[in-house]
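Engineer: Just so it is clear, I am handing over start-v8.cif, which has mmCIF, C-alpha atoms.
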data_upload
#
loop_
_atom_site.label_atom_id
_atom_site.label_comp_id
_atom_site.auth_asym_id
_atom_site.auth_seq_id
_atom_site.Cartn_x
_atom_site.Cartn_y
_atom_site.Cartn_z
CA MET A 1 83.92 77.90 -9.94
CA ALA A 2 81.88 74.71 -9.80
CA LYS A 3 78.65 74.75 -11.79
CA MET A 4 75.50 74.84 -9.74
CA GLY A 5 73.08 71.97 -10.18
CA ARG A 6 70.01 72.45 -12.28
CA PRO A 7 67.19 73.82 -10.12
CA ARG A 8 64.23 71.55 -9.53
CA THR A 9 61.40 72.37 -11.89
CA PHE A 10 58.72 70.34 -10.13
CA ASP A 11 56.56 70.59 -7.04
CA ARG A 12 58.22 68.14 -4.64
CA GLN A 13 55.12 67.44 -2.55
CA LYS A 14 53.07 66.86 -5.68
CA ALA A 15 55.77 64.45 -6.84
CA VAL A 16 55.50 62.53 -3.55
CA VAL A 17 51.74 62.21 -4.07
CA GLN A 18 52.30 60.97 -7.62
CA ALA A 19 54.79 58.42 -6.31
CA MET A 20 52.32 57.40 -3.61
CA HIS A 21 49.76 56.59 -6.29
CA LEU A 22 52.29 54.44 -8.15
CA PHE A 23 53.32 52.53 -5.03
CA TRP A 24 49.66 52.19 -4.01
CA GLU A 25 48.78 50.74 -7.41
CA HIS A 26 51.78 48.48 -8.00
CA GLY A 27 53.47 47.97 -4.63
CA TYR A 28 57.04 48.74 -3.67
CA GLU A 29 58.81 45.90 -5.43
CA MET A 30 56.88 46.13 -8.70
CA THR A 31 57.24 49.91 -9.05
CA SER A 32 60.41 50.50 -11.04
CA LEU A 33 62.72 53.47 -10.87
CA SER A 34 61.93 54.09 -14.54
CA GLN A 35 58.22 54.34 -13.74
CA LEU A 36 58.89 56.77 -10.93
CA LYS A 37 61.15 59.00 -13.02
CA ALA A 38 58.70 59.01 -15.91
CA ASN A 39 55.58 59.74 -13.89
CA ILE A 40 56.57 62.17 -11.16
CA GLY A 41 57.10 65.84 -11.76
CA GLY A 42 56.38 65.45 -15.45
CA GLY A 43 59.48 63.29 -15.83
CA ILE A 44 62.86 63.80 -14.19
CA SER A 45 66.39 62.59 -14.79
CA THR A 46 68.19 60.03 -12.67
CA PRO A 47 70.49 62.63 -11.04
CA SER A 48 67.49 64.84 -10.27
CA PHE A 49 65.62 61.90 -8.76
CA TYR A 50 68.45 61.01 -6.38
CA ALA A 51 69.06 64.65 -5.52
CA ALA A 52 65.42 65.12 -4.62
CA PHE A 53 64.61 61.84 -2.88
CA GLY A 54 67.82 59.98 -2.09
CA SER A 55 66.60 56.55 -3.16
CA LYS A 56 63.53 54.58 -4.15
CA GLU A 57 63.19 53.34 -0.58
CA GLU A 58 63.38 56.83 0.87
CA LEU A 59 60.73 58.03 -1.56
CA PHE A 60 58.54 55.06 -0.62
CA ASN A 61 58.89 56.01 3.04
CA GLU A 62 57.71 59.53 2.22
CA ALA A 63 54.84 58.19 0.14
CA VAL A 64 53.73 55.90 2.97
CA GLN A 65 53.85 58.76 5.45
CA CYS A 66 51.80 60.87 3.06
CA TYR A 67 49.18 58.11 2.86
CA LEU A 68 49.06 57.60 6.61
CA GLU A 69 48.54 61.32 7.20
CA THR A 70 45.72 61.58 4.65
CA TYR A 71 43.78 58.60 3.31
CA ALA A 72 44.47 56.38 6.33
CA CYS A 73 42.73 58.87 8.61
CA VAL A 74 39.38 57.33 7.61
CA THR A 75 39.69 54.98 10.59
CA ASP A 76 40.50 57.67 13.17
CA SER A 77 37.04 57.25 14.70
CA LEU A 78 38.28 54.04 16.32
CA TRP A 79 40.35 56.17 18.70
CA ASP A 80 37.80 58.91 19.37
CA ASP A 81 36.19 58.37 22.78
CA GLU A 82 33.66 61.10 22.02
CA ILE A 83 32.03 58.74 19.53
CA PRO A 84 29.94 55.83 20.88
CA PRO A 85 31.82 52.54 20.31
CA ARG A 86 29.36 51.03 17.84
CA ASP A 87 29.20 54.25 15.84
CA ALA A 88 33.01 54.46 15.83
CA VAL A 89 33.33 50.97 14.34
CA GLU A 90 30.63 51.53 11.74
CA LEU A 91 32.00 54.95 10.80
CA ALA A 92 35.51 53.55 10.27
CA LEU A 93 34.16 50.74 8.09
CA ARG A 94 31.95 52.99 5.96
CA ARG A 95 34.49 55.78 5.55
CA SER A 96 37.26 53.39 4.60
CA THR A 97 35.07 51.48 2.17
CA LYS A 98 33.95 54.71 0.51
CA MET A 99 37.55 55.92 0.19
CA GLN A 100 38.74 52.62 -1.27
CA CYS A 101 36.12 52.72 -4.01
CA GLU A 102 36.49 56.38 -4.95
CA SER A 103 37.96 57.56 -8.24
CA GLY A 104 40.96 59.86 -8.42
CA HIS A 105 43.36 57.39 -6.83
CA PRO A 106 44.07 53.64 -6.97
CA LYS A 107 41.36 51.35 -5.62
CA GLY A 108 41.77 49.60 -2.31
CA CYS A 109 43.85 50.54 0.71
CA MET A 110 47.60 51.06 0.47
CA VAL A 111 47.97 49.79 4.05
CA SER A 112 46.10 46.54 3.40
CA LEU A 113 47.74 46.00 0.03
CA GLY A 114 51.10 46.51 1.72
CA THR A 115 51.16 42.78 2.47
CA MET A 116 51.87 42.29 -1.24
CA SER A 117 53.93 45.44 -1.73
CA ALA A 118 57.24 43.88 -0.69
CA PRO A 119 56.59 40.14 -0.39
CA THR A 120 60.17 38.93 0.12
CA PRO A 121 61.71 38.69 3.60
CA GLU A 122 64.59 40.90 2.48
CA LEU A 123 62.17 43.77 1.93
CA ALA A 124 60.06 43.28 5.05
CA HIS A 125 61.66 46.30 6.74
CA VAL A 126 60.48 48.54 3.90
CA VAL A 127 56.81 48.00 4.69
CA GLU A 128 57.10 48.05 8.49
CA PRO A 129 55.07 51.30 8.77
CA LEU A 130 52.23 49.64 6.83
CA THR A 131 52.43 46.54 9.01
CA ALA A 132 52.31 48.74 12.11
CA SER A 133 49.30 50.61 10.74
CA ARG A 134 47.39 47.36 10.14
CA SER A 135 48.16 46.30 13.69
CA ARG A 136 46.97 49.64 15.04
CA THR A 137 43.67 49.36 13.16
CA LEU A 138 43.05 45.93 14.65
CA GLN A 139 43.83 47.33 18.09
CA GLY A 140 41.36 50.12 17.41
CA PHE A 141 38.53 47.70 16.65
CA VAL A 142 39.33 45.62 19.74
CA ARG A 143 39.48 48.78 21.84
CA CYS A 144 36.01 49.85 20.69
CA VAL A 145 34.55 46.50 21.70
CA GLU A 146 36.34 46.62 25.06
CA ARG A 147 35.00 50.14 25.61
CA ALA A 148 31.46 48.98 24.85
CA ILE A 149 31.80 46.09 27.31
CA ALA A 150 33.11 48.42 30.01
CA MET A 151 30.20 50.81 29.38
CA GLY A 152 27.67 47.99 29.68
CA GLU A 153 26.60 48.33 26.06
CA LEU A 154 27.83 44.85 25.20
CA ALA A 155 27.54 41.73 27.35
CA LYS A 156 30.52 40.85 29.50
CA LYS A 157 30.72 37.51 27.69
CA ALA A 158 31.47 39.26 24.41
CA ASN A 159 34.90 38.32 23.06
CA ALA A 160 36.53 41.67 22.27
CA ARG A 161 39.48 40.23 20.38
CA SER A 162 37.40 37.89 18.24
CA MET A 163 34.95 40.64 17.36
CA GLY A 164 37.80 43.03 16.60
CA ILE A 165 39.41 40.49 14.30
CA ALA A 166 36.09 39.97 12.49
CA PHE A 167 35.67 43.69 11.79
CA ASN A 168 39.32 44.06 10.85
CA SER A 169 39.26 41.06 8.52
CA PHE A 170 36.27 42.50 6.70
CA LEU A 171 38.08 45.81 6.25
CA GLN A 172 41.24 44.15 4.94
CA GLY A 173 39.19 42.21 2.40
CA ILE A 174 37.58 45.37 1.03
CA SER A 175 40.84 46.18 -0.78
CA ILE A 176 40.59 43.07 -2.94
CA LEU A 177 36.90 43.59 -3.66
CA ALA A 178 37.49 47.25 -4.56
CA ARG A 179 40.28 46.21 -6.94
CA ASP A 180 37.90 43.70 -8.50
CA GLY A 181 35.41 46.46 -9.18
CA MET A 182 32.80 45.53 -6.58
CA ASP A 183 30.03 48.12 -6.44
CA ALA A 184 30.44 50.51 -3.51
CA ALA A 185 26.73 50.32 -2.70
CA ASP A 186 26.96 46.54 -2.31
CA LEU A 187 29.93 46.88 0.00
CA ASP A 188 28.15 49.53 2.04
CA ALA A 189 25.12 47.25 2.38
CA SER A 190 27.37 44.44 3.56
CA ILE A 191 28.54 46.66 6.43
CA THR A 192 24.95 46.84 7.62
CA GLU A 193 24.93 43.04 7.75
CA LEU A 194 28.31 42.92 9.46
CA MET A 195 27.18 45.22 12.25
CA LYS A 196 24.63 42.57 13.24
CA LEU A 197 27.60 40.78 14.83
CA TRP A 198 27.74 43.69 17.26
CA ASP A 199 23.98 43.74 17.87
CA ILE A 200 23.97 40.05 18.82
CA GLU A 201 26.18 40.88 21.80
CA VAL A 202 24.18 43.88 23.01
CA CYS A 203 23.14 43.61 26.66
CA GLN A 204 19.48 42.77 26.96
CA PRO A 205 17.41 44.65 29.57
CA LYS A 206 16.54 42.54 32.58
#
Would you kindly transcribe this structure into structure tokens?
Structural biologist:
Amino acid sequence: MAKMGRPRTFDRQKAVVQAMHLFWEHGYEMTSLSQLKANIGGGISTPSFYAAFGSKEELFNEAVQCYLETYACVTDSLWDDEIPPRDAVELALRRSTKMQCESGHPKGCMVSLGTMSAPTPELAHVVEPLTASRSRTLQGFVRCVERAIAMGELAKKANARSMGIAFNSFLQGISILARDGMDAADLDASITELMKLWDIEVCQPK
């Protein structure tokens, strides 16, 4: 009779979260298999790693999905039509900035930092979900501006795409500033200044 494999002695979902933190901190390419084996589940063997996750790439895919279903939800307000457009934009910016500066996980945003996670063309397919998420966030900002124009809150001359890119660019840059240790209060104050771009385009009463 063939011997049964050694049962897993770790919490698989917890291991995925631990792997997510490693990929978030170091990126896909710079996170080694040795790091993953040593840091997830209290340390596992190579056979156990492949039995549990299949490959480094498959584990990365799970880690990305875990991030998108949790931390990335800070920008969900961009798609909530129950929230006024300006409030939706400001809420997404403030929630994301707060999350990126919190302790308990790597600084910055795994989605934004994904541009450096797998920098070679050969690995571009690995980070496609992160690329798609960045694109969706930009669309969300543009959508909020378009909604405000349609509601008469913003002037018809307002350029929805340009404004959306401005808000999105600010959010992408937060990751670098958070990694550099920028104070969260300073970043939050800068959002107040950024929102003046919106207020400039507000329709004036006739």
Engineer: Grab the CA of Arg147 (chain A) to CA of Ser133 (chain A) distance for me, in Å with one decimal place.
Structural biologist: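 Here the two named atoms are 20.6 Å from each other.
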Engineer: Sorted by chain and rising residue number, which residues of region 92-148 of chain A lie within 12 Å of region 9-20 of chain A, and what are their closest atom pairs and distances in Å to one decimal, counting only C-alpha atoms, as a tab-separated table?
Structural biologist:
residue	atom	partner	partner_atom	distance
A:Gly104	CA	A:Gln18	CA	11.4
A:His105	CA	A:Met20	CA	9.5
A:Pro106	CA	A:Met20	CA	9.7
A:Cys109	CA	A:Met20	CA	11.7
A:Met110	CA	A:Met20	CA	8.9
A:Val111	CA	A:Met20	CA	11.6
Engineer: Can you pull out the residues contacting region 160-163 of chain A? Cut-off 9 Å, using only C-alpha atoms, and skip same-chain residues under 3 positions away; I want them as number ranges by chain.
Structural biologist: A: 138-139, 141-146, 149, 157, 166-168, 197-198
Engineer: Evaluate the PyMOL selection byres ((chain A and resi 32-40) around 12) and record the selected residues as a ChimeraX atom specification, following the chain and residue labels used in the document.
Structural biologist: /A:9-23,25-31,41-50,52-53,55-57,59-60,63
Engineer: Can you work out which one of A:Lys98, A:Glu58, A:Gln172, A:Ala51 has the shortest atom-to-atom distance to Ala185 (chain A), counting only C-alpha atoms?
Structural biologist: A:Lys98
Engineer: I want to know what sits within 9 Å of Asn61 (chain A), based on all atoms listed in the file, with residues of the same chain fewer than 5 positions away left out; could you give that as number ranges by chain?
Structural biologist: A: 56, 66, 126-127, 129
Engineer: Separation of CA of Arg94 (chain A) and CA of Ala72 (chain A), in Å?
Structural biologist: 13.0 Å
Engineer: Expressed in Å to a single decimal, how great is the separation between CA of Arg95 (chain A) and CA of Met151 (chain A)?
Structural biologist: 24.7 Å
Engineer: Evaluate the PyMOL selection byres ((chain A and resi 188-191) around 9) on the structure here and hand back the selected residues as a PyMOL selection string.
Structural biologist: chain A and resi 90+93-94+97-98+170+183-187+192-196
Engineer: Restricting it to C-alpha atoms, dump the selection as a PDB file, in the coordinates of the input.
Structural biologist:
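Done, and the output landed in result23.pdb:
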ATOM      1  CA  GLU A  90      30.630  51.530  11.740  1.00  0.00           C
ATOM      2  CA  LEU A  93      34.160  50.740   8.090  1.00  0.00           C
ATOM      3  CA  ARG A  94      31.950  52.990   5.960  1.00  0.00           C
ATOM      4  CA  THR A  97      35.070  51.480   2.170  1.00  0.00           C
ATOM      5  CA  LYS A  98      33.950  54.710   0.510  1.00  0.00           C
ATOM      6  CA  PHE A 170      36.270  42.500   6.700  1.00  0.00           C
ATOM      7  CA  ASP A 183      30.030  48.120  -6.440  1.00  0.00           C
ATOM      8  CA  ALA A 184      30.440  50.510  -3.510  1.00  0.00           C
ATOM      9  CA  ALA A 185      26.730  50.320  -2.700  1.00  0.00           C
ATOM     10  CA  ASP A 186      26.960  46.540  -2.310  1.00  0.00           C
ATOM     11  CA  LEU A 187      29.930  46.880   0.000  1.00  0.00           C
ATOM     12  CA  THR A 192      24.950  46.840   7.620  1.00  0.00           C
ATOM     13  CA  GLU A 193      24.930  43.040   7.750  1.00  0.00           C
ATOM     14  CA  LEU A 194      28.310  42.920   9.460  1.00  0.00           C
ATOM     15  CA  MET A 195      27.180  45.220  12.250  1.00  0.00           C
ATOM     16  CA  LYS A 196      24.630  42.570  13.240  1.00  0.00           C
TER      17      LYS A 196
END
Engineer: Name the residues that the PyMOL selection byres ((chain A and resi 153) around 9) pulls out of this structure, and write them as a PDB file with C-alpha atoms, in the coordinates of the input.
Structural biologist:
ATOM      1  CA  PRO A  85      31.820  52.540  20.310  1.00  0.00           C
ATOM      2  CA  ARG A 147      35.000  50.140  25.610  1.00  0.00           C
ATOM      3  CA  ALA A 148      31.460  48.980  24.850  1.00  0.00           C
ATOM      4  CA  ILE A 149      31.800  46.090  27.310  1.00  0.00           C
ATOM      5  CA  ALA A 150      33.110  48.420  30.010  1.00  0.00           C
ATOM      6  CA  MET A 151      30.200  50.810  29.380  1.00  0.00           C
ATOM      7  CA  GLY A 152      27.670  47.990  29.680  1.00  0.00           C
ATOM      8  CA  LEU A 154      27.830  44.850  25.200  1.00  0.00           C
ATOM      9  CA  ALA A 155      27.540  41.730  27.350  1.00  0.00           C
ATOM     10  CA  GLU A 201      26.180  40.880  21.800  1.00  0.00           C
ATOM     11  CA  VAL A 202      24.180  43.880  23.010  1.00  0.00           C
ATOM     12  CA  CYS A 203      23.140  43.610  26.660  1.00  0.00           C
TER      13      CYS A 203
END
Engineer: Nearest residue to Trp79 (chain A) out of A:Thr137, A:Ser103, A:Gln65, A:Gln204, using all atoms listed in the file?
Structural biologist: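 Distance minimum relative to Trp79 (chain A) lands on A:Thr137.
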Engineer: Nearest residue to Leu68 (chain A) out of A:Ala92, A:Met116, A:Leu123, A:Leu130, using all atoms listed in the file?
Structural biologist: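 Selected residue with least distance to Leu68 (chain A): A:Leu130.
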Engineer: Counting all atoms listed in the file, figure out which residue out of A:Leu78, A:Cys73, A:Ala118, A:Val64 gets nearest to Ser96 (chain A).
Structural biologist: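 Once distances to Ser96 (chain A) are computed over all atoms listed in the file, the minimum belongs to A:Cys73.
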